[in-house]
Amino acid sequence: MTTPQDTQRANYASVGALVDELVRAGTRHFCVCPGSRSTPLALMITQHPGARLWMHLDERSAGFFALGMAKALREPVALVCTSGTAAANFLPAVVEAFHGRVPLIVLTADRPHELRDTGAPQTVDQINMFGSHAKWFVDLAEPDEAPELLRYTRAVAARAAATASQAPAGPVHLNCPLREPLVPRPGDAPPPWEQQPADRPLVTVAPGLRAPQPELVAQLAETVARTERGLIVCGPQDDPALAEAVARLADASGYPVLADPLSGLRAGPHSRALALSAYDAFLRDEGFGARHAPELVIRFGAMPVSKPLLLFLQRHRGCRALLVDGGAGWLDPARLATDVIPVEGRLLADALAATLPERRHTEWTDAWLTAERVTRAAIEERLASTGELSESRVFAELAHLLPDGAALVAGNSMPIRDLDTFFPAGQRHVRLLANRGANGIDGVVSTALGVSASGAGPVLLAIGDLSLYHDSNGLLAAKQHGLDITIVLINNDGGGIFSFLPQAAEPEHFEQLFGTPHGLDFRPLAELYGARYTRPDSWDAFRAAVSEGVAGHGLHIVEVRTERARNVMQHRAIWPAVAAALAHAGLST
């Protein structure tokens, strides 16, 4: 007969082995939410010398905090919660992690099997709770001290960490049935982390990259060498080595690189001679697009943010389009690819660059570089001519304000689009991040705080008012964990992006259904969480507030108030100026 002491020893041995093996496999950070059923997990994490615990009171915010940390560190981060609806609150972050290829390990405590589907309190069906959004799911065996079951537990933990990290990275879900009494007791046994040899985990999983075959490299090099009108498109991706490899490929091929802000190509030590950042503006000009049809497009990463770029590629669907994805995915929503190449992007880019004969810039290359130069000049002139605070100019200012080594996290909807258009490539090494897996506005505050907790340099979050409201609970983590972050709140009192969409032509119901004004005052929210709050009324005041926040400590909120209809007019006034500049340079009709 099993005694309560037997159960406590089993919880200590089995849950301790699970936590220990996760740590040995590279999981250093554990985001834990309060609850009773998860007691063995929480206590064993706090006792493990290699585990860092981050306590969170809200599961949804915790999920995105872990996601931001995992995104910044490029390593698995664990999430822990009790049973019931607590686990369901992880779903939005799990969805984003799956589509954004971010390694998470979700540990959900559960009732033992005999209490499931019996009306036991705080018990829901947690089997495959995250469905197809989890790369792998295991309903663990109940804790047991038997050596073969401890070995099983360690093997599952090792596999979970490896599966979460291997391309395409993503979330793994381990459901943990736990029996009362829940407080683990060691008995006479030493801690689990002292029972395994210190130099290695139970199972070591060797990393592997999909390398291109020499025959493929030779064929593609021949194609590139004979094709002058080529483009490289680099979308959102998180491999820091890819940017340098793509830059080398661009220099070798003479192909301009249309560099998404999340590509890693707009800033850093690599060459940016052919990295273009103003294409979202100049590809709106149909004359330029018609005269500069590509014959070959090589795309790395996910689909870029820019809709004008997507429309440009769709208009020239007849060209050969190579989609390179080391995660063996099919990131092609517009079905533009003629060739899907499931190899590691940086390995292919390096191999092609080394194989290609040297090519000097051609008229094709020079035309795209000229378009970049005159467009960026037209944008800067237009922004400078308007002295009032505006959404479009925020990111142009941030490009000059953020120091080397900073991280800039952009919210979805308008902020990521304005980042794309108005944040130029530059010499400062600023890491640009956003949740573009599922493109939601939820959890962005917590994601940015997770980036801050990762040890990144100064972190700035640029976010809309609805998105900040949606994840205002996440602000507690800044105070709770002593994190440093500056939040630029772009407040247009509602959903500003809808003013650019066809829904704006339905004035009778537009404000109620899409504009969604809230009339919130964010100053008391800042006070609630101990933030320093500033609402600048000029660009000089904006620069001073951002600079103070980035150089300082704690939570800073800088609110930029704008008006939605005025914002649309300011954006739309820029495109004719760009078109005129292109025409004057002889690049458009």
# chains A, B, ... in the order shown; residues from 1 in each chain; ligands from 1

$ residues_around --residues "Arg523 in chain A" --least-positions-apart "4" --cutoff "12 Å" --atoms "only C-alpha atoms" --output "compact mmCIF listing (two decimals) with C-alpha atoms, in the first residue's frame"
# COMPACT_ATOMS: atom_id res chain seq x y z
CA LEU A 489 3.03 54.28 -26.38
CA GLU A 527 1.50 55.07 -11.61
CA LEU A 528 -0.06 51.71 -10.68
CA TYR A 529 3.07 49.89 -11.83
CA GLY A 530 5.59 52.46 -10.60
CA ALA A 531 6.54 53.67 -14.07
CA ARG A 532 7.98 57.06 -14.90
CA TYR A 533 5.40 58.61 -17.26
CA THR A 534 6.03 61.34 -19.83
CA ARG A 535 3.74 62.81 -22.46
CA HIS A 556 9.50 54.34 -18.46
CA ILE A 557 6.37 55.09 -20.51
CA VAL A 558 6.56 57.83 -23.14
CA GLU A 559 3.10 58.50 -24.58

$ closest_atom_pairs --of "range 335-451 of chain A" --to "range 60-79 of chain A" --cutoff "6 Å" --atoms "only C-alpha atoms" --output "tab-separated table"
residue	atom	partner	partner_atom	distance
A:Gly443	CA	A:Phe64	CA	5.4
A:Ser446	CA	A:Phe65	CA	4.5
A:Thr447	CA	A:Gly68	CA	4.1
A:Gly450	CA	A:Phe65	CA	4.3
A:Val451	CA	A:Met69	CA	4.8

$ select_by_dssp --residues "range 139-250 of chain A" --states "strand (DSSP E or B)" --output "ChimeraX atom specification"
/A:139,171-177,230-234

$ write_last_selection --atoms "C-alpha atoms" --output "JSON list (two decimals), in the first residue's frame"
[["chain", "number", "residue", "atom", "x", "y", "z"],
["A", 139, "ASP", "CA", 1.13, 12.92, -20.92],
["A", 171, "PRO", "CA", 6.61, 24.64, -28.32],
["A", 172, "VAL", "CA", 6.56, 21.23, -26.62],
["A", 173, "HIS", "CA", 3.86, 20.32, -24.10],
["A", 174, "LEU", "CA", 4.48, 17.98, -21.17],
["A", 175, "ASN", "CA", 1.39, 17.28, -19.06],
["A", 176, "CYS", "CA", 2.36, 16.30, -15.51],
["A", 177, "PRO", "CA", -0.15, 14.30, -13.43],
["A", 230, "GLY", "CA", 17.79, 39.27, -59.58],
["A", 231, "LEU", "CA", 16.60, 40.18, -56.10],
["A", 232, "ILE", "CA", 17.19, 38.74, -52.66],
["A", 233, "VAL", "CA", 14.27, 39.03, -50.26],
["A", 234, "CYS", "CA", 14.99, 38.38, -46.59]]

$ closest_residue --among "A:Gly16, A:Asp58, A:Ala505, A:Ala302" --to "Val32 in chain A" --atoms "only C-alpha atoms"
A:Asp58

$ atom_distance --atom1 "CA of Glu194 in chain A" --atom2 "CA of Ala141 in chain A"
22.6 Å

$ closest_residue --among "A:Ala407, A:Ile485, A:Leu274, A:Val15" --to "Leu149 in chain A" --atoms "only C-alpha atoms"
A:Val15

$ residues_around --residues "Thr562 in chain A" --least-positions-apart "3" --cutoff "7 Å" --atoms "only C-alpha atoms" --output "ChimeraX atom specification"
/A:390,491-492

$ closest_atom_pairs --of "range 312-344 of chain A" --to "range 81-100 of chain A" --cutoff "12 Å" --atoms "only C-alpha atoms" --output "Markdown table"
| residue | atom | partner | partner_atom | distance |
| --- | --- | --- | --- | --- |
| A:Gly327 | CA | A:Gly100 | CA | 11.6 |
| A:Gly329 | CA | A:His99 | CA | 10.5 |
| A:Trp330 | CA | A:His99 | CA | 11.6 |
| A:Leu331 | CA | A:His99 | CA | 10.1 |

$ write_last_selection --atoms "N, CA, C and O atoms" --output "PDB file, in the first residue's frame"
ATOM      1  N   GLY A 327      14.122  25.144 -41.948  1.00  0.00           N
ATOM      2  CA  GLY A 327      13.167  24.463 -41.094  1.00  0.00           C
ATOM      3  C   GLY A 327      12.251  23.545 -41.855  1.00  0.00           C
ATOM      4  O   GLY A 327      11.357  22.936 -41.284  1.00  0.00           O
ATOM      5  N   GLY A 329       9.936  24.181 -43.797  1.00  0.00           N
ATOM      6  CA  GLY A 329       8.549  24.619 -43.814  1.00  0.00           C
ATOM      7  C   GLY A 329       8.130  25.040 -45.211  1.00  0.00           C
ATOM      8  O   GLY A 329       8.867  24.873 -46.183  1.00  0.00           O
ATOM      9  N   TRP A 330       6.951  25.591 -45.308  1.00  0.00           N
ATOM     10  CA  TRP A 330       6.417  26.021 -46.593  1.00  0.00           C
ATOM     11  C   TRP A 330       5.849  27.418 -46.384  1.00  0.00           C
ATOM     12  O   TRP A 330       4.646  27.643 -46.420  1.00  0.00           O
ATOM     13  N   LEU A 331       6.754  28.379 -46.121  1.00  0.00           N
ATOM     14  CA  LEU A 331       6.357  29.730 -45.753  1.00  0.00           C
ATOM     15  C   LEU A 331       6.053  30.543 -47.012  1.00  0.00           C
ATOM     16  O   LEU A 331       6.772  31.475 -47.374  1.00  0.00           O
TER      17      LEU A 331
END
